[in-house]
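Comments concern the structure below.
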Amino acid sequence: MKEKAEIHEYVQSLLTNSGDDGPLSDHESLLLSGRLQSMDAVEIVMFLEENFGIDFSQIGFDKDQIDSVDAIYALTQTVTNRN
Amino acid sequence: MPDEAQAANWPIVIENVLRRHPGVREAGVVHDGRGGLTALVVPADPYLDDVLGRATASSSAISKWRKACDLSQLTKEAASAPAGFNTMGWDSSYTRQPIPLEEMCEWLETTVADILQLAPKTAYEIGCGSGMLAMRIAPLCYRYVAADFSRVVLDRVRDQLQTVSTFAKSVELLERSADNFDGLSENSFNTVVLNSVVQYFPNLAYLTKVLQNAVNIVKPGGNVFVGDIRSLPLLPTFASSVELFQAADGVSVRELRDRIERRIQHDRELVISPTYFLSLKHRLPKISRVEIQLRRGRADNEMTRYRYNAILYVGQGTEAVNNVAFEDWNERELTLDEVRSELQQDPNEPIGFTCIRNARIEKDLAALATLTDADATSTALELRRESEHVIRGIHPQDFFNLGADDSGFRVFLSWAACRPDGSYDAVLVPTRAVDGKPSPAINWPEPQPSQFVHFANAPGQNKFRSELVERLLVHCKENLPEEMIPRDIVLVDTVVRTPEGNVDPGALLAARNASS
């Protein structure tokens with residue numbers, strides 16, 4: 001669960017950088033809702049590659065996989081289990 | 001207290017002090033009419049890049065764009081996309097969904113047609129992406145070199161080219177970033193294509209470096225086609241139209257204004273004014289003229305509404321179309337039928353119209369005007385209702401259609417005048433006057449001087465620009481008496497001056513408006 005907090009904090013920082021100081025809930029849509037832009041998706045991907053060793057060229061990429069804090073956390077757990 | 005005569009000299013003194021700072025390329029100082037002074041400063045790019053660290057941020061931004069390209073190819077949809085028509089990553093800013101395929105189809109067809117008008121024979125394409133243009137244009141060329149910074153994307157293009165063997169040999173693929181011209185000689189291509197890539201360049205200096213090199217490798221008589229450029233003068237209109245589209249009915253005007261401001265401030269793409277390209281004509285001697293083309297197409301989306309093409313002609317130009325007297329469209333608000341009758345009256349002379357209201361964006365303009373004047377507590381719903389009104393402008397594609405094959409006329413439209421209302425100019429030339437030649441040189445109406453103040457936005461650069469302004473303020477405090485320290489220092493791309501050498505008042509206003 002420490003990881004989920006880490007992810008939540010990271011996503012919050014992306015929002016703050018784009019001038020969005022609103023509250024962030026774990027289940028809300030980030031990209032499909034437009035709260036974050038496509039460049040932020042790249043930032044999230046890079047965060048996951050560097051901190052969780054996820055290789056999207058192996059597992060494929062879909063915005064849905066990273067569209068909420070919950071989804072991102074679930075992805076890290078799936079990949080960890082696979083490894 | 002200084003007397004007026006003394007104070008009149010202050011701008012020159014302050015300008016000279018500012019120019020001594022390595023972060024300043026040019027400075028223009030003016031009394032701001034409120035008892036203070038405003039300094040307009042053109043920053044020195046090497047200082048921003050090397051001393052303040054913008055170069056690192058630029059590299060990082062480029063890596064992220066490359067990553068975005070790579071990721072777009074890792075989706076399920078990309079795996080099943082047809083060869084030569086891979087539109088991954090093209091999402092509507094309005095709906096955040098992929099732009100409908102038929103609209104992408106039209107976008108591609110009109111882009112290809114615009115490039116083929118330039119009769120490419122040996123072409124270098126920067127940022128070929130999934131090869132959509134290469135597949136269609138290479139077959140008509142002797143040589144086609146396609147470059148892209150994403151290996152993932154190029155691998156796909158290579159695979160697809162294998163399936164279409166006639167092209168495979170004529171297309172050379174290069175993996176490199178846009179600013180890498182190693183091994184490409186001067187005057188070795190007749191066309192360079194940059195289509196829908198410049199918005200991903202980190203800053204204007206990078207773009208200038210790329211275009212300088214592009215112009216260098218083009219032979220006299222050739223051209224550089226920069227396509228699908230996002231328009232800076234229309235950015236407020238575009239941003240407002242997106243936010244209004246997305247806002248729930250009850251969102252207040254106050255909230256909408258904040259959202260629009262945030263959208264503009266946080267836009268990560270490079271959004272450019274046509275005046276930037278016009279100014280290149282004076283900075284790059286090889287360029288003989290510059291055209292600013294509206295996009296063709298019937299689809300109604302952000303590409304047709306808010307983007308344009310710039311064509312840099314290298315070396316010998318064609319002879320000018322003389323004596324095109326431009327009539328102000330608004331004086332008579334002619335319909336297309338009326339224009340057609342005028343053409344028939346005297347089919348031997350070119351006719352020109354200026355300030356033609358642009359039907360593609362009239363609704364968005366009306367919404368922005370209403371938003372600007374509205375009470376802060378009005379709602380999005382009320383705003384939408386108020387801006388429903390009769391469209392009086394002419395759709396650019398309707399104008400283009402006047403130049404259909406059998407009409408006896410060819411039609412040229414231009415956004416060179418760079419008006420923030422997106423109105424355009426048109427010239428209709430008897431076909432026989434242009435037959436056999438590429439497009440004619442036309443004496444298009446010119447932009448207001450204030451449009452040269454800002455050539456582009458500065459995505460991701462606020463930190464560096466603010467830091468520069470801080471340092472310049474310190475520099476002024478160290479080198480000037482207190483009463484001569486500028487109240488405002490505003491970064492601009494050009495210090496526009498009147499013929500007498502003073503800072504142009506319209507330019508000052510434009511600079512202040514943009515920075516607030």
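Chain labels follow the order of the structure tokens: the first chain is A, the next B, and so on; residue numbering restarts at 1 in every chain, and ligands are counted from 1 in their shown order.
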
request  = For Phe455 (chain B), please output as number ranges by chain all residues within 10 Å (counting only C-alpha atoms; exclusion window: fewer than 6 positions along the same chain).
outcome  = B: 204, 232-233, 271-277, 279, 492-494

task = Tell me which protein, DNA and RNA residues are within 7 Å of region 33-40 of chain A, counting only C-alpha atoms, leaving out same-chain ones fewer than 4 positions away, and put them as a list of chain:residue names.
result = A:Leu14, A:Leu15, A:Ser29, A:Ile44

Would you put the residues from that selection into a file with N, CA and C atoms, as a tab-separated table (two decimals), in the first residue's frame?
```tsv
chain	number	residue	atom	x	y	z
A	14	LEU	N	1.90	15.77	-10.72
A	14	LEU	CA	1.65	16.08	-12.14
A	14	LEU	C	0.52	17.09	-12.26
A	15	LEU	N	-0.50	16.90	-11.45
A	15	LEU	CA	-1.64	17.82	-11.47
A	15	LEU	C	-1.21	19.22	-11.05
A	29	SER	N	-10.99	9.15	-13.11
A	29	SER	CA	-10.29	9.10	-14.40
A	29	SER	C	-9.34	10.29	-14.53
A	44	ILE	N	3.87	9.40	-16.64
A	44	ILE	CA	3.45	8.26	-15.82
A	44	ILE	C	4.16	7.00	-16.30
```

message = Residues of chain B were defined as contacting chain A if any atom lay at most 10 Å from it, counting only C-alpha atoms; please report them as a ChimeraX atom specification.
response = /B:61,63-77,79,89,91,93-97,152,246,259,262-263,265-269

Next, dump the selected residues to file, keeping only C-alpha atoms, as a tab-separated table (two decimals), in the first residue's frame.
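Writing done, so here's again-v8.tsv:
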```tsv
chain	number	residue	atom	x	y	z
B	61	ALA	CA	10.92	17.41	-23.80
B	63	SER	CA	12.66	12.52	-25.33
B	64	LYS	CA	9.13	12.65	-24.00
B	65	TRP	CA	7.66	13.36	-27.43
B	66	ARG	CA	9.68	10.45	-28.82
B	67	LYS	CA	8.32	8.26	-26.05
B	68	ALA	CA	4.77	9.39	-26.88
B	69	CYS	CA	5.36	8.31	-30.51
B	70	ASP	CA	6.76	4.97	-29.40
B	71	LEU	CA	3.82	4.36	-27.09
B	72	SER	CA	1.31	5.15	-29.83
B	73	GLN	CA	2.71	2.18	-31.73
B	74	LEU	CA	2.33	-0.22	-28.80
B	75	THR	CA	-1.46	-0.06	-28.69
B	76	LYS	CA	-3.78	-2.82	-29.95
B	77	GLU	CA	-5.16	-0.41	-32.55
B	79	ALA	CA	-1.08	-3.40	-34.44
B	89	GLY	CA	-2.24	9.39	-31.34
B	91	ASP	CA	-7.08	12.56	-30.64
B	93	SER	CA	-8.82	18.13	-28.15
B	94	TYR	CA	-12.59	18.53	-27.84
B	95	THR	CA	-13.80	14.99	-27.23
B	96	ARG	CA	-10.46	13.43	-26.25
B	97	GLN	CA	-11.44	10.58	-28.54
B	152	VAL	CA	9.82	2.11	-33.07
B	246	GLN	CA	-16.28	20.54	-22.49
B	259	ARG	CA	-9.74	27.14	-17.39
B	262	ARG	CA	-4.71	27.48	-17.68
B	263	ARG	CA	-5.14	25.66	-20.98
B	265	GLN	CA	-0.45	28.55	-20.12
B	266	HIS	CA	0.06	24.80	-19.90
B	267	ASP	CA	-0.05	23.95	-23.59
B	268	ARG	CA	3.04	21.81	-24.19
B	269	GLU	CA	3.08	22.27	-27.96
```

request  = Please measure the separation of CA of Ala123 (chain B) and CA of Ala138 (chain B), giving the value in Å to one decimal.
outcome  =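 Atom-to-atom, CA of Ala123 (chain B) to CA of Ala138 (chain B), that is 8.0 Å.
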
request  = Just give me the gap between CA of Cys141 (chain B) and CA of Gln199 (chain B) in Å, one decimal is fine.
outcome  =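 Taking CA of Cys141 (chain B) as the start and CA of Gln199 (chain B) as the end point, the length is 26.7 Å.
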
inquiry  = Using DSSP assignments from the backbone, pull out every residue in region 2-74 of chain A that falls under helix (DSSP H, G or I) and give it to me as a count of residues only.
reply    = 45

request  = Just the residues within 10 Å of Thr111 (chain B), please, counting only C-alpha atoms, with nothing from its chain fewer than 2 positions along; format it as an MDAnalysis selection string.
outcome  = chainID B and resid 105:109 113:116 133 195 227:228 295:297 309

May I have the selected residues written with N, CA and C atoms, as a PDB file, in the first residue's frame?
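Here's the written file again_22.pdb:
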```pdb
ATOM      1  N   CYS B 105      -8.667  10.940 -43.075  1.00  0.00           N
ATOM      2  CA  CYS B 105      -8.496  10.639 -44.494  1.00  0.00           C
ATOM      3  C   CYS B 105      -8.453  11.938 -45.305  1.00  0.00           C
ATOM      4  N   GLU B 106      -9.409  12.802 -45.037  1.00  0.00           N
ATOM      5  CA  GLU B 106      -9.451  14.078 -45.763  1.00  0.00           C
ATOM      6  C   GLU B 106      -8.197  14.892 -45.451  1.00  0.00           C
ATOM      7  N   TRP B 107      -7.801  14.891 -44.179  1.00  0.00           N
ATOM      8  CA  TRP B 107      -6.600  15.632 -43.764  1.00  0.00           C
ATOM      9  C   TRP B 107      -5.389  15.162 -44.561  1.00  0.00           C
ATOM     10  N   LEU B 108      -5.287  13.852 -44.703  1.00  0.00           N
ATOM     11  CA  LEU B 108      -4.151  13.278 -45.418  1.00  0.00           C
ATOM     12  C   LEU B 108      -4.208  13.641 -46.897  1.00  0.00           C
ATOM     13  N   GLU B 109      -5.400  13.488 -47.499  1.00  0.00           N
ATOM     14  CA  GLU B 109      -5.541  13.783 -48.935  1.00  0.00           C
ATOM     15  C   GLU B 109      -5.206  15.233 -49.237  1.00  0.00           C
ATOM     16  N   ALA B 113      -2.108  16.638 -51.506  1.00  0.00           N
ATOM     17  CA  ALA B 113      -2.378  17.505 -52.662  1.00  0.00           C
ATOM     18  C   ALA B 113      -1.582  18.799 -52.568  1.00  0.00           C
ATOM     19  N   ASP B 114      -1.520  19.391 -51.379  1.00  0.00           N
ATOM     20  CA  ASP B 114      -0.774  20.641 -51.202  1.00  0.00           C
ATOM     21  C   ASP B 114       0.706  20.430 -51.484  1.00  0.00           C
ATOM     22  N   ILE B 115       1.245  19.296 -51.056  1.00  0.00           N
ATOM     23  CA  ILE B 115       2.672  19.031 -51.280  1.00  0.00           C
ATOM     24  C   ILE B 115       2.924  18.745 -52.757  1.00  0.00           C
ATOM     25  N   LEU B 116       2.044  17.992 -53.383  1.00  0.00           N
ATOM     26  CA  LEU B 116       2.245  17.667 -54.803  1.00  0.00           C
ATOM     27  C   LEU B 116       2.172  18.905 -55.689  1.00  0.00           C
ATOM     28  N   LEU B 133       2.697  10.079 -45.556  1.00  0.00           N
ATOM     29  CA  LEU B 133       3.019  10.922 -46.716  1.00  0.00           C
ATOM     30  C   LEU B 133       3.981  10.202 -47.647  1.00  0.00           C
ATOM     31  N   ASN B 195       5.753  18.034 -41.914  1.00  0.00           N
ATOM     32  CA  ASN B 195       4.316  18.087 -41.775  1.00  0.00           C
ATOM     33  C   ASN B 195       3.873  17.637 -40.386  1.00  0.00           C
ATOM     34  N   GLY B 227       3.873  22.027 -42.711  1.00  0.00           N
ATOM     35  CA  GLY B 227       2.435  21.806 -42.741  1.00  0.00           C
ATOM     36  C   GLY B 227       1.810  21.610 -41.376  1.00  0.00           C
ATOM     37  N   ASP B 228       0.526  21.961 -41.293  1.00  0.00           N
ATOM     38  CA  ASP B 228      -0.260  21.660 -40.099  1.00  0.00           C
ATOM     39  C   ASP B 228       0.270  22.394 -38.870  1.00  0.00           C
ATOM     40  N   ARG B 295      -5.769  25.648 -44.709  1.00  0.00           N
ATOM     41  CA  ARG B 295      -5.927  24.245 -45.036  1.00  0.00           C
ATOM     42  C   ARG B 295      -7.224  24.040 -45.800  1.00  0.00           C
ATOM     43  N   ARG B 296      -7.141  23.122 -46.754  1.00  0.00           N
ATOM     44  CA  ARG B 296      -8.349  22.755 -47.497  1.00  0.00           C
ATOM     45  C   ARG B 296      -9.128  21.736 -46.699  1.00  0.00           C
ATOM     46  N   GLY B 297     -10.401  21.564 -47.043  1.00  0.00           N
ATOM     47  CA  GLY B 297     -11.161  20.478 -46.430  1.00  0.00           C
ATOM     48  C   GLY B 297     -12.522  20.911 -45.965  1.00  0.00           C
ATOM     49  N   ASN B 309      -0.516  26.053 -43.310  1.00  0.00           N
ATOM     50  CA  ASN B 309       0.777  25.619 -43.870  1.00  0.00           C
ATOM     51  C   ASN B 309       1.607  26.846 -44.204  1.00  0.00           C
TER      52      ASN B 309
END
```

request  = Using only C-alpha atoms, find the one residue out of A:Leu24, A:Asp67, A:Glu9, A:Lys4 that sits nearest to Phe52 (chain A).
outcome  =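 For Phe52 (chain A), the nearest of the given residues is A:Lys4.
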
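Of the residues under consideration (A:Pro23, A:Val79, A:Leu30, A:Asp70), A:Val79 shows the shortest atom-to-atom contact distance to Glu49 (chain A) when counting only C-alpha atoms.
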